[in-house]
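S.K.: For reference, the file input-v4.csv (CSV, C-alpha atoms) is included below:
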```csv
chain,number,residue,atom,x,y,z
H,1,MET,CA,80.4,140.4,113.5
H,2,SER,CA,78.9,141.8,110.4
H,3,MET,CA,75.6,140.2,111.2
H,4,ASN,CA,75.3,142.5,114.3
H,5,ARG,CA,75.7,145.8,112.3
H,6,PRO,CA,72.0,146.2,111.4
H,7,SER,CA,71.0,145.8,115.0
H,8,GLU,CA,73.7,148.1,116.2
H,9,SER,CA,72.6,150.7,113.7
H,10,LEU,CA,69.0,150.4,114.8
H,11,LEU,CA,70.0,150.8,118.5
H,12,ARG,CA,72.0,153.9,117.5
H,13,ARG,CA,69.0,155.5,115.8
H,14,LEU,CA,66.5,154.4,118.5
H,15,PRO,CA,66.8,157.5,120.8
H,16,GLU,CA,66.1,159.9,117.9
H,17,GLU,CA,63.2,157.8,116.7
H,18,VAL,CA,61.6,157.6,120.2
H,19,ILE,CA,62.1,161.3,120.9
H,20,ALA,CA,60.8,162.3,117.4
H,21,LEU,CA,57.7,160.1,117.7
H,22,CYS,CA,56.8,161.4,121.2
H,23,GLY,CA,57.4,165.0,120.0
H,24,VAL,CA,55.2,164.6,116.9
H,25,LEU,CA,52.5,162.8,118.9
H,26,TYR,CA,52.6,165.7,121.5
H,27,LEU,CA,52.4,168.2,118.6
H,28,LEU,CA,49.3,166.5,117.1
H,29,ALA,CA,47.5,165.2,120.1
H,30,GLY,CA,46.6,168.6,121.6
H,31,ARG,CA,44.0,168.3,124.3
H,32,TRP,CA,42.8,165.0,122.9
H,33,SER,CA,41.5,162.6,125.6
H,34,TYR,CA,40.8,158.9,125.6
H,35,ALA,CA,37.3,159.8,126.6
H,36,ARG,CA,36.6,160.5,123.0
H,37,LEU,CA,37.0,156.8,122.4
H,38,ASP,CA,35.4,155.6,125.6
H,39,PRO,CA,32.7,158.0,127.0
H,40,SER,CA,32.8,156.1,130.3
H,41,LEU,CA,36.2,157.7,131.1
H,42,SER,CA,36.4,161.0,132.9
H,43,ILE,CA,37.5,163.8,130.6
H,44,SER,CA,38.9,165.7,133.6
H,45,GLN,CA,41.4,162.9,134.5
H,46,PRO,CA,44.9,164.1,133.3
H,47,LEU,CA,46.2,160.6,132.9
H,48,TYR,CA,43.6,160.0,130.2
H,49,GLU,CA,45.2,162.7,128.0
H,50,PRO,CA,48.3,161.5,126.0
H,51,ARG,CA,50.1,164.8,126.4
H,52,PHE,CA,50.7,164.2,130.1
H,53,ILE,CA,52.4,160.9,129.2
H,54,LEU,CA,54.3,162.0,126.1
H,55,VAL,CA,56.4,164.8,127.7
H,56,PRO,CA,57.8,162.6,130.5
H,57,ALA,CA,58.4,159.9,127.9
H,58,MET,CA,60.6,162.3,126.0
H,59,PHE,CA,62.7,163.0,129.1
H,60,ALA,CA,63.0,159.3,129.8
H,61,ALA,CA,64.4,158.7,126.3
H,62,LEU,CA,66.7,161.6,126.8
H,63,MET,CA,68.1,160.2,130.0
H,64,LEU,CA,68.8,156.9,128.3
H,65,THR,CA,70.5,158.7,125.5
H,66,TRP,CA,72.6,160.7,127.9
H,67,GLN,CA,73.9,157.5,129.4
H,68,ARG,CA,75.1,156.0,126.1
H,69,GLY,CA,78.7,156.4,125.1
H,70,ALA,CA,79.9,158.7,122.2
H,71,ARG,CA,77.5,161.4,121.1
H,72,PRO,CA,77.7,163.4,117.8
H,73,VAL,CA,79.4,166.8,117.8
H,74,ASN,CA,76.6,169.3,117.3
H,75,LYS,CA,78.0,172.6,115.9
H,76,ASP,CA,74.6,174.3,116.4
H,77,ARG,CA,74.4,173.5,120.1
H,78,VAL,CA,75.2,177.1,121.2
H,79,THR,CA,72.5,178.5,118.9
H,80,ILE,CA,69.9,176.0,120.0
H,81,ASN,CA,70.6,176.7,123.7
H,82,ARG,CA,70.3,180.5,123.1
H,83,ILE,CA,66.9,180.0,121.5
H,84,ALA,CA,65.8,177.7,124.3
H,85,LEU,CA,66.9,180.2,127.0
H,86,SER,CA,64.9,183.0,125.4
H,87,LEU,CA,61.8,180.8,125.2
H,88,VAL,CA,62.2,179.8,128.9
H,89,VAL,CA,62.4,183.5,129.9
H,90,PHE,CA,59.3,184.3,127.9
H,91,LEU,CA,57.2,181.3,129.0
H,92,GLY,CA,58.4,181.7,132.5
H,93,TYR,CA,57.2,185.3,132.7
H,94,MET,CA,53.9,184.4,131.2
H,95,MET,CA,53.4,181.8,133.9
H,96,THR,CA,54.3,184.4,136.5
H,97,THR,CA,51.4,186.5,135.3
H,98,ALA,CA,49.1,184.0,137.0
H,99,LEU,CA,49.9,185.9,140.2
H,100,TRP,CA,47.7,188.8,139.2
H,101,CYS,CA,45.1,186.9,137.2
H,102,HIS,CA,41.3,187.6,137.4
H,103,ASP,CA,40.1,184.0,137.4
H,104,ALA,CA,42.3,181.4,139.2
H,105,ASP,CA,40.6,178.4,137.7
H,106,PHE,CA,41.3,179.5,134.1
H,107,ALA,CA,44.8,180.7,135.1
H,108,VAL,CA,45.7,177.3,136.7
H,109,MET,CA,44.7,175.4,133.5
H,110,LYS,CA,46.7,177.8,131.4
H,111,PHE,CA,49.7,177.6,133.8
H,112,VAL,CA,49.8,173.9,133.4
H,113,GLU,CA,49.7,174.1,129.7
H,114,LEU,CA,52.4,176.6,129.5
H,115,MET,CA,54.6,174.5,131.8
H,116,MET,CA,54.0,171.6,129.4
H,117,VAL,CA,55.0,173.7,126.4
H,118,MET,CA,58.2,174.7,128.2
H,119,LEU,CA,59.1,171.2,129.2
H,120,ALA,CA,58.4,169.8,125.7
H,121,MET,CA,60.5,172.5,124.1
H,122,LEU,CA,63.4,172.0,126.5
H,123,ALA,CA,63.2,168.2,125.9
H,124,PHE,CA,63.4,168.8,122.2
H,125,ALA,CA,66.2,171.4,122.4
H,126,TRP,CA,68.1,168.9,124.7
H,127,ALA,CA,67.6,166.2,122.1
H,128,LEU,CA,68.9,168.4,119.3
H,129,SER,CA,72.0,169.0,121.5
H,130,ILE,CA,72.9,165.4,122.4
H,131,CYS,CA,71.5,163.4,119.4
H,132,ASP,CA,72.3,163.6,115.7
H,133,PRO,CA,70.2,166.8,115.0
H,134,GLU,CA,69.8,166.1,111.2
H,135,ARG,CA,68.7,162.6,111.8
H,136,LEU,CA,66.2,163.8,114.4
H,137,ARG,CA,64.8,166.3,112.0
H,138,ASP,CA,64.3,163.6,109.4
H,139,ALA,CA,62.5,161.5,111.9
H,140,VAL,CA,60.2,164.4,112.9
H,141,PHE,CA,59.1,164.9,109.3
H,142,ARG,CA,58.8,161.1,108.8
H,143,TYR,CA,56.4,160.7,111.7
H,144,LEU,CA,54.5,163.9,110.6
H,145,LEU,CA,54.1,162.3,107.2
H,146,LEU,CA,52.9,159.0,108.7
H,147,LEU,CA,50.5,160.3,111.3
H,148,CYS,CA,49.1,163.2,109.3
H,149,GLY,CA,48.7,160.8,106.4
H,150,LEU,CA,46.5,158.6,108.6
H,151,LEU,CA,44.5,161.6,109.6
H,152,ALA,CA,44.0,162.4,105.9
H,153,LEU,CA,42.7,158.9,105.3
H,154,LEU,CA,40.2,159.4,108.1
H,155,GLY,CA,39.1,162.7,106.7
H,156,LEU,CA,38.5,161.1,103.2
H,157,ARG,CA,36.1,158.7,104.9
H,158,THR,CA,34.0,161.5,106.5
H,159,ILE,CA,33.5,164.0,103.7
H,160,ALA,CA,30.0,165.4,104.0
H,161,ASP,CA,28.2,168.7,103.9
H,162,ALA,CA,29.6,169.8,107.3
H,163,ARG,CA,33.1,171.2,107.7
H,164,LEU,CA,35.6,168.4,107.7
H,165,ALA,CA,37.1,167.3,111.1
H,166,VAL,CA,38.1,163.9,112.6
H,167,LEU,CA,38.3,162.3,116.1
H,168,GLY,CA,36.2,165.0,117.7
H,169,GLY,CA,38.7,167.8,117.0
H,170,GLY,CA,37.9,171.1,115.3
H,171,PRO,CA,38.2,172.0,111.6
H,172,ASN,CA,40.9,174.6,112.4
H,173,VAL,CA,43.1,171.9,114.1
H,174,TYR,CA,42.5,169.4,111.3
H,175,GLY,CA,43.3,172.1,108.7
H,176,ARG,CA,46.6,172.9,110.5
H,177,ASN,CA,47.5,169.2,110.6
H,178,MET,CA,46.9,168.9,106.8
H,179,CYS,CA,49.3,171.8,106.4
H,180,LEU,CA,51.8,169.8,108.3
H,181,LEU,CA,51.1,166.8,105.9
H,182,ALA,CA,51.9,169.1,102.9
H,183,ALA,CA,55.0,170.4,104.7
H,184,SER,CA,56.3,166.8,105.2
H,185,CYS,CA,55.7,165.9,101.6
H,186,LEU,CA,57.6,169.0,100.5
H,187,TYR,CA,60.4,168.2,102.9
H,188,PHE,CA,61.0,164.7,101.4
H,189,TRP,CA,60.6,166.0,97.8
H,190,ARG,CA,63.2,168.6,98.5
H,191,ARG,CA,65.5,166.1,100.2
H,192,GLY,CA,65.2,163.2,97.7
H,193,GLY,CA,63.5,164.3,94.6
H,194,ARG,CA,60.7,162.1,93.1
H,195,ALA,CA,58.0,164.7,92.6
H,196,TRP,CA,55.6,162.0,91.3
H,197,LEU,CA,55.7,160.4,94.8
H,198,TRP,CA,55.4,163.5,97.1
H,199,LEU,CA,53.4,166.1,95.2
H,200,PRO,CA,50.2,164.1,95.2
H,201,GLY,CA,50.3,164.3,99.0
H,202,VAL,CA,50.5,168.1,98.8
H,203,GLY,CA,47.5,168.1,96.5
H,204,LEU,CA,45.5,165.9,98.8
H,205,ALA,CA,46.4,168.1,101.8
H,206,PHE,CA,45.3,171.2,100.0
H,207,ILE,CA,41.9,169.6,99.1
H,208,LEU,CA,41.4,168.6,102.7
H,209,VAL,CA,42.3,172.1,104.0
H,210,ILE,CA,39.6,173.5,101.8
H,211,LEU,CA,37.1,171.0,103.0
H,212,THR,CA,37.7,172.0,106.6
H,213,GLY,CA,36.3,175.5,105.7
H,214,SER,CA,39.1,176.9,107.9
H,215,ARG,CA,40.1,180.3,106.5
H,216,GLY,CA,43.0,180.4,109.0
H,217,ALA,CA,44.3,177.0,107.6
H,218,LEU,CA,44.0,178.4,104.1
H,219,VAL,CA,46.2,181.3,105.1
H,220,ALA,CA,48.6,179.0,106.7
H,221,PHE,CA,48.8,176.8,103.6
H,222,SER,CA,49.4,179.9,101.5
H,223,ALA,CA,52.2,180.9,103.8
H,224,LEU,CA,53.8,177.4,103.5
H,225,THR,CA,53.6,177.5,99.7
H,226,LEU,CA,54.9,181.1,99.3
H,227,GLY,CA,57.7,180.4,101.8
H,228,PHE,CA,58.7,177.3,100.0
H,229,LEU,CA,58.7,179.1,96.7
H,230,MET,CA,60.6,182.1,98.0
H,231,MET,CA,63.3,179.9,99.5
H,232,SER,CA,63.6,177.8,96.3
H,233,ARG,CA,65.6,180.4,94.4
H,234,ARG,CA,68.0,177.9,92.8
H,235,ARG,CA,65.2,175.7,91.4
H,236,LEU,CA,62.4,178.2,91.3
H,237,PRO,CA,61.3,177.5,87.6
H,238,THR,CA,61.3,173.8,88.2
H,239,THR,CA,59.4,174.2,91.5
H,240,ILE,CA,56.7,176.4,89.9
H,241,LEU,CA,56.3,174.1,87.0
H,242,SER,CA,56.0,171.1,89.2
H,243,LEU,CA,53.3,172.7,91.4
H,244,ALA,CA,51.4,173.9,88.3
H,245,VAL,CA,51.4,170.4,86.8
H,246,LEU,CA,50.1,169.2,90.2
H,247,ALA,CA,47.3,171.7,90.1
H,248,ILE,CA,46.3,170.6,86.6
H,249,VAL,CA,46.5,166.9,87.3
H,250,THR,CA,44.5,167.3,90.6
H,251,TYR,CA,41.7,169.2,88.8
H,252,VAL,CA,41.5,166.7,85.9
H,253,ALA,CA,41.5,163.7,88.3
H,254,LEU,CA,38.7,165.2,90.6
H,255,ALA,CA,36.5,167.1,88.2
H,256,ASP,CA,32.9,166.0,88.2
H,257,SER,CA,33.5,163.9,91.3
H,258,MET,CA,31.8,164.0,94.7
H,259,ILE,CA,35.0,165.3,96.3
H,260,TRP,CA,35.3,168.2,93.8
H,261,ASP,CA,31.6,169.1,94.3
H,262,ALA,CA,32.3,169.3,98.1
H,263,VAL,CA,35.4,171.4,97.5
H,264,GLU,CA,33.5,173.9,95.3
H,265,ARG,CA,30.6,174.1,97.8
H,266,THR,CA,32.9,174.6,100.8
H,267,PHE,CA,35.1,177.2,99.1
H,268,ARG,CA,32.1,179.2,97.8
H,269,SER,CA,30.3,179.3,101.1
H,270,ARG,CA,33.3,179.9,103.4
H,271,VAL,CA,35.6,182.1,101.3
H,272,ILE,CA,33.5,183.8,98.6
H,273,GLU,CA,30.2,184.3,100.4
H,274,LEU,CA,31.1,184.4,104.1
H,275,THR,CA,34.5,186.2,103.8
H,276,LEU,CA,34.4,188.3,100.6
H,277,GLU,CA,30.7,189.1,100.3
H,278,LYS,CA,29.5,189.2,104.0
H,279,ARG,CA,32.9,190.1,105.4
H,280,HIS,CA,32.3,187.8,108.3
H,281,ASP,CA,35.5,187.2,110.4
H,282,ALA,CA,34.2,184.8,113.0
H,283,SER,CA,34.3,187.6,115.6
H,284,ARG,CA,38.1,187.8,115.3
H,285,GLY,CA,37.8,191.6,115.0
H,286,GLU,CA,35.9,191.9,118.3
H,287,LEU,CA,38.4,189.6,120.0
H,288,PHE,CA,41.4,191.5,118.7
H,289,GLN,CA,39.8,194.8,119.9
H,290,GLY,CA,38.9,193.3,123.2
H,291,ALA,CA,42.4,192.1,123.8
H,292,LEU,CA,43.8,195.6,123.0
H,293,ASP,CA,41.3,197.1,125.5
H,294,LEU,CA,42.4,194.7,128.2
H,295,ALA,CA,46.0,195.5,127.6
H,296,LEU,CA,45.3,199.3,127.9
H,297,GLN,CA,43.9,198.7,131.4
H,298,ASN,CA,47.3,197.5,132.6
H,299,PRO,CA,49.8,198.3,129.8
H,300,MET,CA,53.0,197.2,131.5
H,301,LEU,CA,52.1,193.9,133.1
H,302,GLY,CA,48.8,193.0,131.5
H,303,LYS,CA,45.6,191.7,133.1
H,304,GLY,CA,47.2,188.3,134.0
H,305,LEU,CA,47.1,184.8,132.6
H,306,ALA,CA,44.0,183.7,130.8
H,307,SER,CA,42.6,187.2,130.9
H,308,GLY,CA,40.8,186.6,127.5
H,309,ARG,CA,38.8,183.7,128.9
H,310,ALA,CA,38.1,185.6,132.1
H,311,PHE,CA,37.0,189.0,130.5
H,312,LEU,CA,36.1,188.2,126.9
H,313,GLY,CA,34.8,184.6,127.2
H,314,GLN,CA,37.4,183.5,124.7
H,315,TYR,CA,41.2,183.8,124.1
H,316,PRO,CA,42.1,186.4,121.4
H,317,HIS,CA,43.2,183.8,118.7
H,318,ASN,CA,46.4,185.7,118.1
H,319,ILE,CA,49.6,184.9,119.9
H,320,PHE,CA,50.9,188.5,120.0
H,321,LEU,CA,47.6,189.9,121.2
H,322,GLU,CA,47.2,187.2,123.8
H,323,THR,CA,50.7,188.0,125.1
H,324,LEU,CA,49.9,191.7,125.2
H,325,SER,CA,46.5,191.2,127.1
H,326,ASP,CA,47.9,188.7,129.6
H,327,GLY,CA,51.5,189.9,130.1
H,328,GLY,CA,51.4,193.5,128.9
H,329,LEU,CA,54.3,195.3,127.2
H,330,VAL,CA,56.8,193.3,129.3
H,331,GLY,CA,55.4,190.0,127.9
H,332,LEU,CA,55.2,191.3,124.4
H,333,SER,CA,58.8,192.6,124.6
H,334,LEU,CA,60.0,189.1,125.7
H,335,LEU,CA,58.1,187.5,122.9
H,336,VAL,CA,59.5,189.9,120.3
H,337,ALA,CA,63.0,189.3,121.8
H,338,THR,CA,62.5,185.6,121.3
H,339,PHE,CA,61.7,186.1,117.6
H,340,LEU,CA,64.6,188.5,117.3
H,341,THR,CA,66.9,185.9,118.8
H,342,VAL,CA,65.7,183.3,116.2
H,343,ALA,CA,66.2,185.9,113.4
H,344,TYR,CA,69.7,186.7,114.6
H,345,SER,CA,70.6,183.0,114.8
H,346,LEU,CA,69.4,182.5,111.3
H,347,SER,CA,71.2,185.6,109.9
H,348,THR,CA,74.5,184.7,111.5
H,349,HIS,CA,74.3,181.0,110.7
H,350,GLU,CA,77.4,179.7,108.9
H,351,GLY,CA,75.9,176.5,107.6
H,352,THR,CA,73.1,175.6,105.1
H,353,LEU,CA,69.6,175.7,106.5
H,354,ASP,CA,66.7,173.5,105.5
H,355,THR,CA,64.3,175.7,103.5
H,356,THR,CA,61.3,173.5,104.0
H,357,CYS,CA,61.7,173.5,107.7
H,358,LEU,CA,61.8,177.3,107.6
H,359,ALA,CA,58.7,177.4,105.5
H,360,THR,CA,57.0,175.1,108.0
H,361,PHE,CA,57.9,177.4,110.8
H,362,GLY,CA,56.4,180.3,108.8
H,363,MET,CA,53.2,178.3,108.2
H,364,LEU,CA,52.8,177.6,111.9
H,365,LEU,CA,53.5,181.2,112.8
H,366,ALA,CA,50.9,182.4,110.3
H,367,SER,CA,48.4,180.0,111.7
H,368,SER,CA,49.0,181.3,115.2
H,369,GLN,CA,47.8,184.8,114.1
H,370,PHE,CA,44.2,183.6,113.5
H,371,SER,CA,43.6,180.5,115.5
H,372,GLY,CA,44.4,179.0,118.9
H,373,ASP,CA,46.0,180.1,122.1
H,374,PHE,CA,49.5,179.6,123.6
H,375,TYR,CA,49.1,175.9,123.8
H,376,ASP,CA,47.7,175.6,120.3
H,377,SER,CA,50.8,177.6,119.1
H,378,ARG,CA,53.2,175.0,120.6
H,379,GLY,CA,54.3,174.1,117.1
H,380,VAL,CA,55.9,177.6,116.8
H,381,PHE,CA,58.0,177.0,119.9
H,382,PHE,CA,58.6,173.4,118.9
H,383,PHE,CA,60.2,174.4,115.6
H,384,MET,CA,62.2,177.3,116.8
H,385,PRO,CA,65.3,175.3,117.8
H,386,LEU,CA,64.8,172.9,114.9
H,387,ILE,CA,65.1,175.5,112.1
H,388,VAL,CA,68.7,176.3,113.0
H,389,VAL,CA,69.9,172.7,112.4
H,390,ARG,CA,72.2,172.9,109.4
H,391,VAL,CA,72.0,170.6,106.3
H,392,THR,CA,75.1,168.5,105.6
H,393,GLN,CA,74.1,167.9,102.0
H,394,SER,CA,72.6,170.2,99.4
H,395,ASP,CA,68.8,170.1,98.9
H,396,GLY,CA,67.6,167.4,96.5
H,397,GLU,CA,70.6,165.1,97.1
H,398,LYS,CA,70.3,161.7,98.8
H,399,HIS,CA,72.0,161.6,102.1
H,400,PRO,CA,74.4,158.9,103.1
H,401,PRO,CA,73.9,157.1,106.4
H,402,LEU,CA,74.5,159.5,109.2
H,403,GLU,CA,76.0,157.0,111.6
H,404,PRO,CA,79.7,156.5,111.4
H,405,ALA,CA,80.9,153.4,109.5
H,406,ALA,CA,81.6,150.4,111.5
H,407,ALA,CA,85.1,149.2,112.1
H,408,PRO,CA,86.3,146.4,109.8
H,409,ALA,CA,85.9,142.9,111.2
H,410,SER,CA,89.1,141.6,112.6
```
Kindly present the structure from the file in structure tokens form.
M.R.:
Amino acid sequence: MSMNRPSESLLRRLPEEVIALCGVLYLLAGRWSYARLDPSLSISQPLYEPRFILVPAMFAALMLTWQRGARPVNKDRVTINRIALSLVVFLGYMMTTALWCHDADFAVMKFVELMMVMLAMLAFAWALSICDPERLRDAVFRYLLLLCGLLALLGLRTIADARLAVLGGGPNVYGRNMCLLAASCLYFWRRGGRAWLWLPGVGLAFILVILTGSRGALVAFSALTLGFLMMSRRRLPTTILSLAVLAIVTYVALADSMIWDAVERTFRSRVIELTLEKRHDASRGELFQGALDLALQNPMLGKGLASGRAFLGQYPHNIFLETLSDGGLVGLSLLVATFLTVAYSLSTHEGTLDTTCLATFGMLLASSQFSGDFYDSRGVFFFMPLIVVRVTQSDGEKHPPLEPAAAPAS
């Protein structure tokens, strides 16, 4: 009977592992298409995009989980459902704005993407309600560490004079993924210690963020670091010392190397010369002003879904301004109400919250102010129900197995 315990434990963890893997792949895949690997495939075929397969896979795993016997008691279920409901109201209204859009083709594409964001968020919120939420959170960061680590290795192989990116994606996306790599390293450092194992990953992620030349990713990485420090009050001196040692060791290890030369060149051209000296903002100021002008034309309801693409030729690259231009004050009020719901849930939470998870959410929110549209900001919605999952052990302590102990053999 004891020989069956490992397999039983694996089967008990399988639903969380499958849902976490599908959720992380959905978070990282974006609009990626298999046509990038095989040009003979049609880019317009939905089945050739992993995101159209991953979301149904999450629901399939959830249905199997629902059928199994005993489920863990989740004390945060009410809070998770409250956040999920507020997101459904907001995303549902934004999809409704397609009724008064200017360009139906753009609006249909955006409608489908918002529907996918809603379904993925609901699947994950459901998973947090019927699975072991802490084990699911651990699995999410484990797969983020694995997959973003693989992307980091791909990036190291392609360092050149151009801005760093891999698999046909943009530098901004790659920079955000490297921020997620840093977040996952910080998560496991906080949970289990061993700074010597996890902090080098943070240093590598920071180097790769600089090499992307993405100023939005640099802001996001800064938000992650500052958020992590602000929420490390109990161990702030140790945390600052560890990060300072990491910075010194990284510099000593890379000084006079090809990688460091590329870092200096990219930082000088993108941050010092382009941003500070030339004050170039990649047309963000024009897009922000254009979004405000669109919102003023129909303040209450906005100009309809995908109005930025229809009138400005580009989305505003700011989640709040895109909401205002597409959905007006009604949409903006619903979005603000969603964040207020999250803030209320955090302020009234009776358990201990995971500080690294909160810092990751702050990083994703900061990134959404300078880069991407609603779909690119899916990480913000993905993490909203996750950050209210309580911690059963204090930070830095090793967790015992989360599954209940097996009954003694008769």
S.K.: Neighbouring residues of Cys357 in chain H were defined as those with any atom within 9 Å, considering all atoms listed in the file; residues of the same chain fewer than 3 positions away were excluded. Please report them as an MDAnalysis selection string.
M.R.: chainID H and resid 137 183:184 187 353:354 360:362 383 386:387
S.K.: Between CA of Thr97 in chain H and CA of Ser333 in chain H, what is the distance, to one decimal in Å?
M.R.: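 Distance between the two atoms: 14.4 Å.
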S.K.: Between CA of Gly169 in chain H and CA of Trp32 in chain H, measure the distance and give it in Å to one decimal.
M.R.: 7.7 Å
S.K.: Residues near Ser129 in chain H, anyone? I mean within 8 Å using all atoms listed in the file, not counting same-chain ones fewer than 4 positions away, as a list in words.
M.R.: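 Surrounding residues, per the criterion: Asn74, Asp76, Arg77, Ile80, Ala125 and Pro133 of chain H.
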S.K.: When distances are computed from only C-alpha atoms, which of H:Gly23, H:Gly201, H:Gly331, H:Gly213 shows the smallest separation from Ala127 in chain H?
M.R.: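 Closest candidate: H:Gly23.
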S.K.: Just checking: using only C-alpha atoms, which residue out of H:Cys185, H:Cys179, H:Leu122, H:Leu340 ends up closest to Ala84 in chain H?
M.R.: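 Comparing H:Cys185, H:Cys179, H:Leu122, H:Leu340 against Ala84 in chain H, the winner is H:Leu122.
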S.K.: In terms of the shortest atom-to-atom distance over only C-alpha atoms, which of H:Val391, H:Leu329, H:Val245, H:Asn172 is closest to Arg135 in chain H?
M.R.: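 For Arg135 in chain H, the nearest of the given residues is H:Val391.
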S.K.: Would you compute the distance between CA of Leu146 in chain H and CA of Asp261 in chain H? Give it in Å to one decimal.
M.R.: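 Atom-to-atom, CA of Leu146 in chain H and CA of Asp261 in chain H are spaced 27.6 Å apart.
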S.K.: Write out as number ranges by chain each polymer residue whose atoms come within 7 Å of range 98-102 of chain H, counting only C-alpha atoms; drop sequence neighbours fewer than 6 positions from it.
M.R.: H: 303-305, 307, 310
S.K.: Taking (38.3, 186.1, 116.4) in the file's coordinates, which residues come within 9 Å, counting all atoms listed in the file, written as a list in words?
M.R.: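 The answer, in the requested form, is Asp281, Ala282, Ser283, Arg284, Gly285, Glu286, Leu287, Phe288, Gln314, Tyr315, Pro316, His317, Asn318, Phe370 and Ser371 of chain H.
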S.K.: Looking at H:Val209, H:Val388, H:Val271, H:Val219, which one is nearest to Ser347 in chain H, with distances taken over all atoms listed in the file?
M.R.: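 Using all atoms listed in the file, Ser347 in chain H sits closest to H:Val388.
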S.K.: I need the residue nearest Asp376 in chain H from this list: H:Thr266, H:Asn177, H:Thr352, H:Thr250. Use only C-alpha atoms for the distance.
M.R.: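 Looking only at the distances to Asp376 in chain H, the closest residue turns out to be H:Asn177.
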S.K.: Closest to Gly328 in chain H among H:Ala295, H:Leu54, H:Trp196, H:Leu136, using only C-alpha atoms?
M.R.: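 Ranking H:Ala295, H:Leu54, H:Trp196, H:Leu136 by distance to Gly328 in chain H, first place goes to H:Ala295.
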S.K.: Would you mind listing what lies within 10 Å of Leu147 in chain H as a ChimeraX atom specification, with all atoms listed in the file counted and same-chain residues fewer than 6 positions away left out?
M.R.: /H:21,24-25,28,141,153,177,181
S.K.: Give me the residues near Ala139 in chain H as a VMD selection string, where near means some atom within 10 Å (using only C-alpha atoms) and where sequence neighbours in that chain fewer than 5 positions away do not count.
M.R.: chain H and resid 13 16 to 21 24 133 to 134 144 to 145
S.K.: Restricting it to C-alpha atoms, dump the selection as a tab-separated table (two decimals), keeping the file's coordinate frame.
M.R.:
```
chain	number	residue	atom	x	y	z
H	13	ARG	CA	69.00	155.50	115.80
H	16	GLU	CA	66.10	159.90	117.90
H	17	GLU	CA	63.20	157.80	116.70
H	18	VAL	CA	61.60	157.60	120.20
H	19	ILE	CA	62.10	161.30	120.90
H	20	ALA	CA	60.80	162.30	117.40
H	21	LEU	CA	57.70	160.10	117.70
H	24	VAL	CA	55.20	164.60	116.90
H	133	PRO	CA	70.20	166.80	115.00
H	134	GLU	CA	69.80	166.10	111.20
H	144	LEU	CA	54.50	163.90	110.60
H	145	LEU	CA	54.10	162.30	107.20
```
